Structures are given as structure tokens and as C-alpha cells.
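Heads up, entry-v4.cif below (mmCIF, C-alpha atoms):
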data_final
#
loop_
_atom_site.label_atom_id
_atom_site.label_comp_id
_atom_site.auth_asym_id
_atom_site.auth_seq_id
_atom_site.Cartn_x
_atom_site.Cartn_y
_atom_site.Cartn_z
CA MET A 57 0.00 0.00 0.00
CA LEU A 58 1.28 3.48 -0.90
CA ILE A 59 1.93 6.14 1.70
CA THR A 60 -0.13 9.10 0.51
CA LYS A 61 1.78 12.33 1.14
CA ILE A 62 0.14 15.74 1.59
CA TYR A 63 2.02 18.40 -0.39
CA LYS A 64 1.83 22.10 0.42
CA PRO A 65 1.73 24.52 -2.54
CA ALA A 66 5.42 25.30 -1.94
CA GLU A 67 6.24 21.59 -2.43
CA ILE A 68 4.69 21.12 -5.87
CA LYS A 69 8.06 20.44 -7.53
CA GLN A 70 8.16 17.17 -5.59
CA ALA A 71 4.60 16.41 -6.66
CA ALA A 72 5.50 17.15 -10.31
CA ASP A 73 8.46 14.75 -10.04
CA GLU A 74 6.07 12.04 -8.85
CA LEU A 75 3.82 12.66 -11.87
CA ASN A 76 6.83 12.26 -14.16
CA LYS A 77 7.56 8.91 -12.50
CA GLY A 78 4.06 7.68 -13.39
CA GLU A 79 2.57 8.20 -9.93
CA LEU A 80 -0.91 9.59 -9.17
CA ILE A 81 -1.21 13.04 -7.55
CA ALA A 82 -4.50 14.69 -6.57
CA PHE A 83 -4.64 18.41 -7.30
CA PRO A 84 -6.88 21.39 -6.47
CA THR A 85 -9.04 23.32 -8.92
CA GLU A 86 -11.64 26.02 -8.40
CA THR A 87 -14.40 23.41 -8.88
CA VAL A 88 -13.41 20.12 -7.19
CA TYR A 89 -10.17 18.24 -6.52
CA GLY A 90 -8.90 16.20 -9.48
CA LEU A 91 -6.87 13.01 -9.67
CA GLY A 92 -3.81 13.63 -11.81
CA ALA A 93 -1.62 11.36 -13.89
CA ASP A 94 0.62 12.09 -16.88
CA ALA A 95 -1.87 12.10 -19.77
CA THR A 96 0.85 10.85 -22.14
CA ASN A 97 1.70 7.85 -19.95
CA GLU A 98 -0.86 5.13 -20.75
CA LEU A 99 0.07 2.93 -17.79
CA ALA A 100 -0.29 5.85 -15.36
CA VAL A 101 -3.66 6.74 -16.85
CA LYS A 102 -4.91 3.17 -16.45
CA ARG A 103 -3.93 3.35 -12.77
CA VAL A 104 -6.37 6.28 -12.38
CA TYR A 105 -9.26 4.00 -13.37
CA LEU A 106 -8.09 1.39 -10.87
CA ALA A 107 -7.63 3.90 -8.03
CA LYS A 108 -11.12 5.34 -8.54
CA GLY A 109 -12.88 2.12 -9.50
CA ARG A 110 -13.97 3.99 -12.62
CA PRO A 111 -15.43 2.27 -15.74
CA SER A 112 -12.83 2.28 -18.52
CA ASP A 113 -15.25 3.62 -21.14
CA ASN A 114 -15.75 6.85 -19.16
CA PRO A 115 -13.33 9.32 -20.83
CA LEU A 116 -11.01 11.57 -18.83
CA ILE A 117 -10.57 15.33 -18.99
CA VAL A 118 -7.08 16.46 -20.04
CA THR A 119 -5.96 19.32 -17.79
CA VAL A 120 -3.47 21.78 -19.31
CA SER A 121 -1.55 24.85 -18.17
CA SER A 122 -1.78 26.77 -21.45
CA THR A 123 -3.57 26.93 -24.79
CA GLU A 124 -0.27 26.01 -26.45
CA MET A 125 -0.15 22.75 -24.49
CA MET A 126 -3.70 21.91 -25.60
CA GLU A 127 -2.83 22.61 -29.24
CA GLN A 128 -0.23 19.81 -29.18
CA PHE A 129 -3.16 17.38 -29.01
CA ALA A 130 -6.37 19.12 -30.14
CA ALA A 131 -7.35 19.53 -33.79
CA ASP A 132 -9.95 21.60 -35.65
CA ILE A 133 -10.09 24.44 -33.13
CA SER A 134 -12.87 26.68 -34.41
CA GLU A 135 -13.29 30.45 -34.10
CA ASP A 136 -16.12 29.86 -31.62
CA ALA A 137 -13.82 27.70 -29.50
CA ARG A 138 -11.16 30.41 -29.48
CA LYS A 139 -13.78 32.94 -28.31
CA LEU A 140 -14.66 30.66 -25.40
CA ILE A 141 -10.99 30.14 -24.54
CA LYS A 142 -10.39 33.90 -24.58
CA ASN A 143 -13.37 34.60 -22.31
CA PHE A 144 -13.41 31.62 -19.93
CA TRP A 145 -9.87 30.20 -19.67
CA PRO A 146 -8.44 29.72 -17.20
CA GLY A 147 -11.70 28.70 -15.60
CA PRO A 148 -14.42 26.07 -15.09
CA LEU A 149 -15.10 25.38 -18.77
CA THR A 150 -14.10 22.14 -20.54
CA LEU A 151 -13.98 21.92 -24.34
CA VAL A 152 -14.20 18.72 -26.38
CA PHE A 153 -12.13 18.65 -29.59
CA ASN A 154 -11.11 16.15 -32.20
CA ILE A 155 -7.58 15.02 -31.43
CA LYS A 156 -4.53 14.71 -33.62
CA PRO A 157 -3.92 11.03 -34.54
CA GLY A 158 -1.52 9.21 -32.24
CA THR A 159 -1.35 11.90 -29.56
CA LEU A 160 -3.52 10.44 -26.77
CA SER A 161 -4.18 6.83 -25.86
CA LYS A 162 -7.58 5.14 -25.76
CA ALA A 163 -7.18 5.02 -21.98
CA VAL A 164 -7.66 8.82 -21.99
CA THR A 165 -10.33 9.08 -24.69
CA GLY A 166 -12.41 5.99 -23.93
CA GLY A 167 -11.61 4.87 -27.46
CA LEU A 168 -13.09 7.99 -29.07
CA LYS A 169 -11.40 10.32 -31.57
CA THR A 170 -12.16 13.26 -29.31
CA ALA A 171 -10.89 14.44 -25.93
CA ALA A 172 -11.99 17.02 -23.38
CA PHE A 173 -9.57 19.80 -22.34
CA ARG A 174 -9.61 22.25 -19.44
CA MET A 175 -7.28 24.92 -18.06
CA PRO A 176 -8.21 25.55 -14.40
CA GLN A 177 -8.08 28.88 -12.59
CA ASN A 178 -6.07 27.41 -9.73
CA GLU A 179 -2.54 28.80 -10.08
CA VAL A 180 -0.97 26.03 -7.98
CA THR A 181 -2.24 23.36 -10.35
CA ARG A 182 -1.24 25.28 -13.48
CA ARG A 183 2.25 25.60 -12.00
CA LEU A 184 2.23 21.86 -11.16
CA ILE A 185 1.51 21.05 -14.82
CA GLU A 186 4.17 23.48 -16.01
CA LEU A 187 6.77 21.83 -13.77
CA ALA A 188 5.73 18.34 -14.93
CA ARG A 189 5.91 19.59 -18.56
CA VAL A 190 2.98 17.30 -19.53
CA PRO A 191 -0.82 17.61 -19.41
CA ILE A 192 -2.50 15.58 -16.70
CA VAL A 193 -5.78 13.71 -16.72
CA GLY A 194 -8.18 15.19 -14.20
CA PRO A 195 -11.24 13.21 -13.11
CA SER A 196 -12.57 14.05 -9.66
CA ALA A 197 -10.35 12.61 -6.94
CA ASN A 198 -12.94 10.35 -5.30
CA SER A 199 -14.12 6.78 -5.38
CA SER A 200 -16.19 6.43 -8.55
CA GLY A 201 -19.87 7.22 -7.97
CA LYS A 202 -19.33 8.98 -4.64
CA PRO A 203 -19.76 12.74 -4.03
CA SER A 204 -16.95 14.78 -5.57
CA PRO A 205 -14.21 16.06 -3.22
CA THR A 206 -13.99 19.76 -2.38
CA THR A 207 -11.15 19.48 0.17
CA ALA A 208 -7.89 17.55 0.43
CA GLU A 209 -9.42 15.74 3.42
CA HIS A 210 -12.18 14.36 1.18
CA VAL A 211 -9.55 13.01 -1.21
CA TYR A 212 -7.56 11.43 1.60
CA HIS A 213 -10.73 9.79 2.93
CA ASP A 214 -11.40 8.06 -0.41
CA LEU A 215 -7.95 7.42 -1.89
CA GLU A 216 -5.46 7.19 0.97
CA GLY A 217 -3.07 4.34 0.24
CA ARG A 218 -4.02 4.24 -3.45
CA ILE A 219 -2.25 7.39 -4.67
CA ALA A 220 1.17 8.91 -4.06
CA GLY A 221 0.08 12.33 -2.90
CA ILE A 222 -2.35 15.22 -2.63
CA VAL A 223 -1.56 18.89 -3.26
CA ASP A 224 -3.54 20.72 -0.58
CA ASP A 225 -4.59 24.26 -1.51
CA GLY A 226 -7.57 24.48 0.80
CA PRO A 227 -11.30 24.16 -0.03
CA THR A 228 -12.44 24.71 -3.60
CA GLN A 229 -14.36 27.89 -4.47
CA VAL A 230 -17.09 26.75 -6.89
CA GLY A 231 -18.02 23.27 -5.69
CA VAL A 232 -19.64 21.87 -8.86
CA GLU A 233 -17.56 20.68 -11.78
CA SER A 234 -16.84 22.50 -15.00
CA THR A 235 -19.30 23.00 -17.83
CA ILE A 236 -18.46 20.70 -20.77
CA ILE A 237 -19.10 21.82 -24.37
CA ASP A 238 -18.59 19.61 -27.41
CA MET A 239 -16.72 21.71 -29.99
CA SER A 240 -16.05 18.74 -32.30
CA THR A 241 -19.50 19.10 -33.91
CA ASP A 242 -20.82 21.66 -36.39
CA LYS A 243 -22.80 23.37 -33.65
CA PRO A 244 -21.53 23.66 -30.05
CA LEU A 245 -23.33 21.22 -27.75
CA ILE A 246 -23.44 21.34 -23.94
CA LEU A 247 -22.73 17.85 -22.63
CA ARG A 248 -22.66 18.76 -18.92
CA PRO A 249 -23.94 21.92 -17.24
CA GLY A 250 -21.55 23.48 -14.78
CA ALA A 251 -20.13 26.59 -13.19
CA VAL A 252 -20.16 28.58 -16.46
CA THR A 253 -23.84 29.04 -17.33
CA VAL A 254 -25.53 28.56 -20.69
CA GLU A 255 -26.46 32.26 -20.69
CA GLU A 256 -22.83 33.31 -20.25
CA ILE A 257 -21.69 31.09 -23.11
CA GLU A 258 -24.47 32.18 -25.45
CA ALA A 259 -23.64 35.83 -24.74
CA VAL A 260 -20.06 35.26 -25.92
CA LEU A 261 -20.96 33.18 -28.97
CA GLN A 262 -24.04 35.23 -29.87
CA LYS A 263 -25.93 32.05 -30.70
CA GLN A 264 -28.26 29.59 -28.99
CA LEU A 265 -26.75 26.32 -27.78
CA ASN A 266 -28.07 22.78 -27.82
CA THR A 267 -28.02 20.68 -24.68
CA ASP A 268 -27.40 16.91 -24.87
CA GLN A 269 -30.19 15.31 -22.84
CA HIS A 270 -30.21 11.83 -24.39
CA LYS A 271 -29.61 8.72 -22.31
CA ILE A 272 -26.31 6.99 -23.01
CA GLY A 273 -26.88 3.38 -24.01
CA ALA A 274 -25.14 0.45 -22.36
CA ASP A 275 -22.91 -0.05 -25.41
CA GLU A 276 -22.34 3.65 -26.07
CA THR A 277 -19.21 5.52 -24.98
CA PRO A 278 -19.98 9.00 -23.58
CA LYS A 279 -18.00 11.96 -24.93
CA ALA A 280 -17.63 13.45 -21.48
CA PRO A 281 -17.62 12.40 -17.81
CA GLY A 282 -20.90 12.29 -15.90
CA MET A 283 -23.15 11.33 -18.83
CA LYS A 284 -23.57 7.58 -18.37
CA TYR A 285 -23.01 6.28 -14.85
CA LYS A 286 -24.59 7.11 -11.49
CA HIS A 287 -22.63 9.87 -9.80
CA TYR A 288 -22.32 11.77 -6.53
CA ALA A 289 -24.29 9.20 -4.54
CA PRO A 290 -23.88 8.72 -0.77
CA ASP A 291 -24.95 5.45 0.83
CA ALA A 292 -28.18 7.01 2.11
CA GLN A 293 -31.05 7.58 -0.33
CA VAL A 294 -31.32 11.23 -1.34
CA LEU A 295 -34.76 12.76 -1.93
CA ILE A 296 -35.07 16.15 -3.61
CA VAL A 297 -37.49 18.47 -1.81
CA GLU A 298 -39.19 21.24 -3.78
CA GLU A 299 -39.62 24.56 -2.00
CA ASP A 300 -43.33 24.15 -1.23
CA LYS A 301 -42.92 20.60 0.10
CA TRP A 302 -40.70 21.24 3.14
CA ASP A 303 -43.47 21.19 5.77
CA ALA A 304 -44.69 17.82 4.49
CA ALA A 305 -41.13 16.49 4.15
CA LEU A 306 -40.25 17.37 7.76
CA THR A 307 -43.50 15.76 8.98
CA TRP A 308 -42.58 12.62 7.03
CA ALA A 309 -39.01 12.66 8.38
CA LYS A 310 -40.22 12.91 11.98
CA LYS A 311 -42.15 9.65 11.55
CA GLN A 312 -39.15 7.68 10.30
CA PRO A 313 -37.62 5.09 12.68
CA VAL A 314 -34.12 6.03 11.43
CA SER A 315 -31.98 9.18 11.30
CA VAL A 316 -32.57 11.63 8.47
CA GLY A 317 -30.18 14.23 7.07
CA ILE A 318 -31.53 17.63 6.01
CA MET A 319 -29.64 19.67 3.38
CA ALA A 320 -31.48 22.95 3.04
CA SER A 321 -31.33 26.74 2.85
CA ASN A 322 -33.05 29.32 5.02
CA MET A 323 -34.51 26.90 7.57
CA GLN A 324 -34.70 29.54 10.32
CA GLY A 325 -37.96 29.17 12.17
CA GLN A 326 -38.49 25.60 11.00
CA ALA A 327 -38.73 22.97 13.72
CA ILE A 328 -36.19 20.27 12.89
CA PRO A 329 -37.32 16.86 14.25
CA GLU A 330 -35.10 15.22 16.88
CA ASN A 331 -34.19 12.34 14.58
CA CYS A 332 -32.94 14.79 11.92
CA GLU A 333 -29.66 16.64 11.49
CA LEU A 334 -29.36 19.86 9.48
CA PHE A 335 -26.57 20.76 7.05
CA ASP A 336 -26.98 24.38 5.98
CA LEU A 337 -26.52 24.82 2.22
CA GLY A 338 -26.45 28.61 2.48
CA SER A 339 -28.88 31.31 1.48
CA ASN A 340 -28.85 31.05 -2.34
CA VAL A 341 -28.09 28.72 -5.24
CA GLU A 342 -24.48 29.93 -5.50
CA GLN A 343 -23.79 28.97 -1.89
CA ALA A 344 -25.78 25.75 -2.26
CA SER A 345 -23.72 24.74 -5.31
CA HIS A 346 -20.54 25.41 -3.36
CA ASN A 347 -21.73 23.33 -0.40
CA LEU A 348 -23.60 20.50 -2.16
CA PHE A 349 -20.82 17.90 -2.30
CA ALA A 350 -19.58 18.80 1.18
CA GLY A 351 -23.08 18.15 2.54
CA LEU A 352 -23.43 14.83 0.76
CA ARG A 353 -20.05 13.75 2.09
CA TYR A 354 -20.87 14.97 5.59
CA PHE A 355 -23.88 12.67 5.79
CA ASP A 356 -22.12 9.82 3.96
CA ASP A 357 -19.73 9.62 6.93
CA LYS A 358 -22.67 9.22 9.33
CA LYS A 359 -23.69 5.60 8.94
CA ASP A 360 -26.88 6.09 11.01
CA ILE A 361 -28.26 8.44 8.34
CA LYS A 362 -30.51 6.43 6.00
CA TRP A 363 -32.33 9.25 4.18
CA ILE A 364 -31.17 12.69 3.03
CA LEU A 365 -33.71 15.39 2.20
CA ALA A 366 -32.03 17.94 -0.08
CA ALA A 367 -33.35 21.27 -1.30
CA GLY A 368 -34.20 21.67 -4.96
CA PHE A 369 -33.68 24.96 -6.82
CA ALA A 370 -35.16 26.41 -9.97
CA GLU A 371 -33.37 25.06 -13.06
CA GLU A 372 -32.07 28.35 -14.38
CA GLY A 373 -28.56 29.83 -14.39
CA LEU A 374 -26.31 28.00 -11.94
CA GLY A 375 -29.39 26.10 -10.73
CA ILE A 376 -29.15 23.95 -13.86
CA ALA A 377 -25.74 22.62 -12.78
CA TYR A 378 -26.83 22.25 -9.15
CA MET A 379 -29.93 20.25 -10.07
CA ASN A 380 -27.98 18.14 -12.59
CA ARG A 381 -25.68 16.94 -9.78
CA LEU A 382 -28.45 16.59 -7.21
CA LYS A 383 -30.67 14.55 -9.55
CA LYS A 384 -27.77 12.17 -10.25
CA SER A 385 -27.13 11.85 -6.51
CA ALA A 386 -30.80 11.10 -5.87
CA GLY A 387 -31.32 8.88 -8.90
CA ASP A 388 -34.00 11.41 -9.95
CA GLN A 389 -36.03 10.68 -6.78
CA PHE A 390 -38.15 13.57 -5.45
CA PHE A 391 -40.00 13.71 -2.16
CA VAL A 392 -43.69 13.09 -2.83
CA ASP A 393 -46.27 14.07 -0.22
#
For this file, produce the structure as C-alpha cells.
Amino acid sequence: MLITKIYKPAEIKQAADELNKGELIAFPTETVYGLGADATNELAVKRVYLAKGRPSDNPLIVTVSSTEMMEQFAADISEDARKLIKNFWPGPLTLVFNIKPGTLSKAVTGGLKTAAFRMPQNEVTRRLIELARVPIVGPSANSSGKPSPTTAEHVYHDLEGRIAGIVDDGPTQVGVESTIIDMSTDKPLILRPGAVTVEEIEAVLQKQLNTDQHKIGADETPKAPGMKYKHYAPDAQVLIVEEDKWDAALTWAKKQPVSVGIMASNMQGQAIPENCELFDLGSNVEQASHNLFAGLRYFDDKKDIKWILAAGFAEEGLGIAYMNRLKKSAGDQFFVD
């Protein structure tokens, strides 16, 4: 079993050296913590799937420190794509491109002729990639299917002993993963909603976007992470509670013979039943998005919690990304009075 070392930002040269040796290093971004391996080292990339318990047909995001690094691998970069790069990189936006033949292995792409690229805002991670002199794959640094990690402690909880190290730069700022746009098609297509909203992207491109809502078949390889398999799920069953259903939901929770977790906003004045525990999501959808994964992980560590009631938000703006993650966590289950 590996000894998983915690690296401070000042120690990232050591972490970069480990990446060059084919080891796995978790790294911070503004969205969630990622699990890094040299994207040009096929054996190292395959170890990411093993460490996470991730299906091998679920492609990985390639994390870069510059546009120039991306251009070593990506082909057919359109004018629209360059507009998005200019406006949103570095940042929580991932772009899918066709790739140049022979540049990335099937272990990265899931066997597709496309790959997803992102340049994060986090300066520590961009410096880590610069020092390693290679792009790194960057799926979330958690056990596959579990809530994404927003602190180094979350990563250590899931992957201690399976990876060489974690670069700890404190809690993430955004909390939900990047928006993914497919730029390999004639018309840009949103594959996963995220921290950059549809409205922001459409304002830059001056055109309306399509959103990919189709279900991925059992024999179909998704173009981006989070499209095919159940994600973000704690052991307890999550139920999404719409705003006008909270009184009924708390009455139902009080009658349960087991402990119930409550993830909600603005619960002042509400009587929380004795068998329930409250995790405050904050006062708005921005704060709720930041705190969502932390709340799911908080209750996942409490084995007596068998149900989690979680607040739903209107599916507009950042609420689209929030509800996308919450629905996956709940398996699309809503509280019904």
C-alpha cells in the first residue's frame, strides 16, 4: 500500500516529479479536486481508473496549463472555440475537440477520436503542470460514484493508500464541476452543465446552444464524464425536496424510525425533528452549489443516516448545474407528499 503524502503549494516540484515517474497526484481546482496522472503515460492513466474504481469507457478530462499545451493534441479548433478560450480560460469550462492522430491513448479518450480539455483557474495546479511539462488527466479525486471532493481531506478519505500524494490548496471555491461543451461538432453542444452558465456562453458566442439530454446506451461511450453512470451518490437515499414541500417532508421525516439528514437553505424558524440533522446549504443557489458535495459527504460519513432530504432549486442559471448533480445523486427521486 502506498503512503499518501500531503504536499503544500510550496512543495509542488516534488509532486511534479512524482507525476513524471508515473505516480498519481491529486490536485486542487476552483471546482473540485482532481486526480492527476501524466496524460501521455498510458500505464499511469490506467492506474487512475483502478484507483477510482472507474469504468474504462468513461473518458477523462485532459488538464493543461496553457492553450499552447492543448494545441499539441487538439485539432480543428474553431473560431467559436477560441472565443470561449479567450473569455473563460483559465476557468471552469471544458472543451471537447477532435484530437490529432496518435497523440492520446484510448485510456484517456475511452476509445473515441475526441478528448476534453480544461485549463483551471487554480494557479498552484497550473504551476504543477508546467513543472511536470505534460498535461495531466483530471477526473474528480474520489471513489467512482461517490460525491466529488472539495477538500484535500475528502480526497484522503477516499484514496489514501491508493495514490502517491495530494496537493492541498484548501477548499475549492465553486463546488460543482466544469461545464463541458462539445466543440467537435458543427454546432456547439453542452454535454454537462456546470459553473459557467448557458447564458454566459451564449452571450459570448451570440448564438443559442443545444443541450445533450439523451440517455447513453449500455454499449455507447460518452464523450464526457458524468453522462452515463450514477454519480455523486452517498450510501443514504437522497430525496429532492421542492420549496413548497418542506413542511410535508419534515413531517414525514419525523415519523421515520431512522436518522434523516436535512440539506437545506433558510430553515430559520423551522422545527427540525429530533431524529434529523441539518446541514446548511447557504442562502442562495451559488452557496448551495458550493456546499452540495460537502453536505453529501458529511452525511455519507454518518452511517446512522438512511435518508437525506435535499433542497431543490429552480433550473435556471447555476441552478441547472446544481440540479444536474443533485438529480444524479438522488437517482432522480423527489419527495412526494
*Could you write out as a VMD selection string the residues that the PyMOL selection byres ((chain A and resi 366-376) around 9) matches in the shown file?*
chain A and resid 249 to 256 294 to 299 302 317 to 321 337 340 to 342 344 to 345 364 to 365 377 to 382
*Any chance you could work out the residue set of the PyMOL selection byres ((chain A and resi 130-135) around 10) here, as number ranges by chain?*
A: 123-129, 136-141, 151-157, 159-160, 170-173, 239-240, 242, 261
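Our summary of the geometry notes that CA of Asn178 (chain A) is positioned 26.5 Å from CA of Leu58 (chain A).
Shortest atom-to-atom contact with Ala100 (chain A) among A:Glu86, A:Glu209, A:Glu79, A:Asp225: A:Glu79, counting all atoms listed in the file.
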*Can you work out which one of A:Thr206, A:Thr60, A:Thr96, A:Gln312 has the shortest atom-to-atom distance to Ser161 (chain A), counting all atoms listed in the file?*
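Closest residue, counting all atoms listed in the file: A:Thr96.
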_Selection in question (the file shown): the PyMOL selection byres ((chain A and resi 237) around 6). Which residues does it include, as a list in words?_
Leu151, Ile236, Asp238, Leu245, Ile246 and Leu247 of chain A
*asked:* Taking all atoms listed in the file into account, name the residue in A:Lys358, A:Lys384, A:Lys310, A:Lys64 that is nearest to Thr181 (chain A).
replied: A:Lys64
*By how many Å are CA of Pro205 (chain A) and CA of Pro227 (chain A) apart?*
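Calculated distance between CA of Pro205 (chain A) and CA of Pro227 (chain A) is 9.2 Å.
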Box for region 154-161 of chain A: with edges along x, y and z, all listed atoms inside and 8 Å added on each side, what are the centre and edge lengths in Å to one decimal, as JSON?
{"center_x": -6.2, "center_y": 11.5, "center_z": -30.2, "size_x": 25.8, "size_y": 25.3, "size_z": 24.7}
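Non-sequential neighbours of Asn331 (chain A) (distance at most 8 Å, separation of 2 or more positions within a chain, all atoms listed in the file) are Ala309, Lys310, Val314, Ser315, Val316, Pro329 and Glu333 of chain A.
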_Using all atoms listed in the file for the distances, tell me which of A:Leu334, A:Ala220, A:Ile185, A:Val164 is nearest to Ala107 (chain A)._
A:Ala220
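One distance worth recording is that between CA of Phe335 (chain A) and CA of Tyr354 (chain A), which is 8.3 Å.
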*Nearest candidate to Val104 (chain A) (options A:Pro84, A:Pro176, A:Pro146, A:Pro195; using all atoms listed in the file)*: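 Of A:Pro84, A:Pro176, A:Pro146, A:Pro195, the one nearest Val104 (chain A), counting all atoms listed in the file, is A:Pro195.
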*Closest of A:Phe391, A:Gln70, A:Lys359, A:Asp336 to Ala188 (chain A) - atom-to-atom distances counting all atoms listed in the file*: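 Counting all atoms listed in the file, the residue closest to Ala188 (chain A) is A:Gln70.
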*Identify, on the basis of all atoms listed in the file, every residue whose closest approach to Lys202 (chain A) does not exceed 6 Å; exclude the query and any residue fewer than 2 positions from it along the same chain; express the result as a list of chain:residue names.*
A:Ser199, A:Ser200, A:Tyr288, A:Ala289, A:Pro290
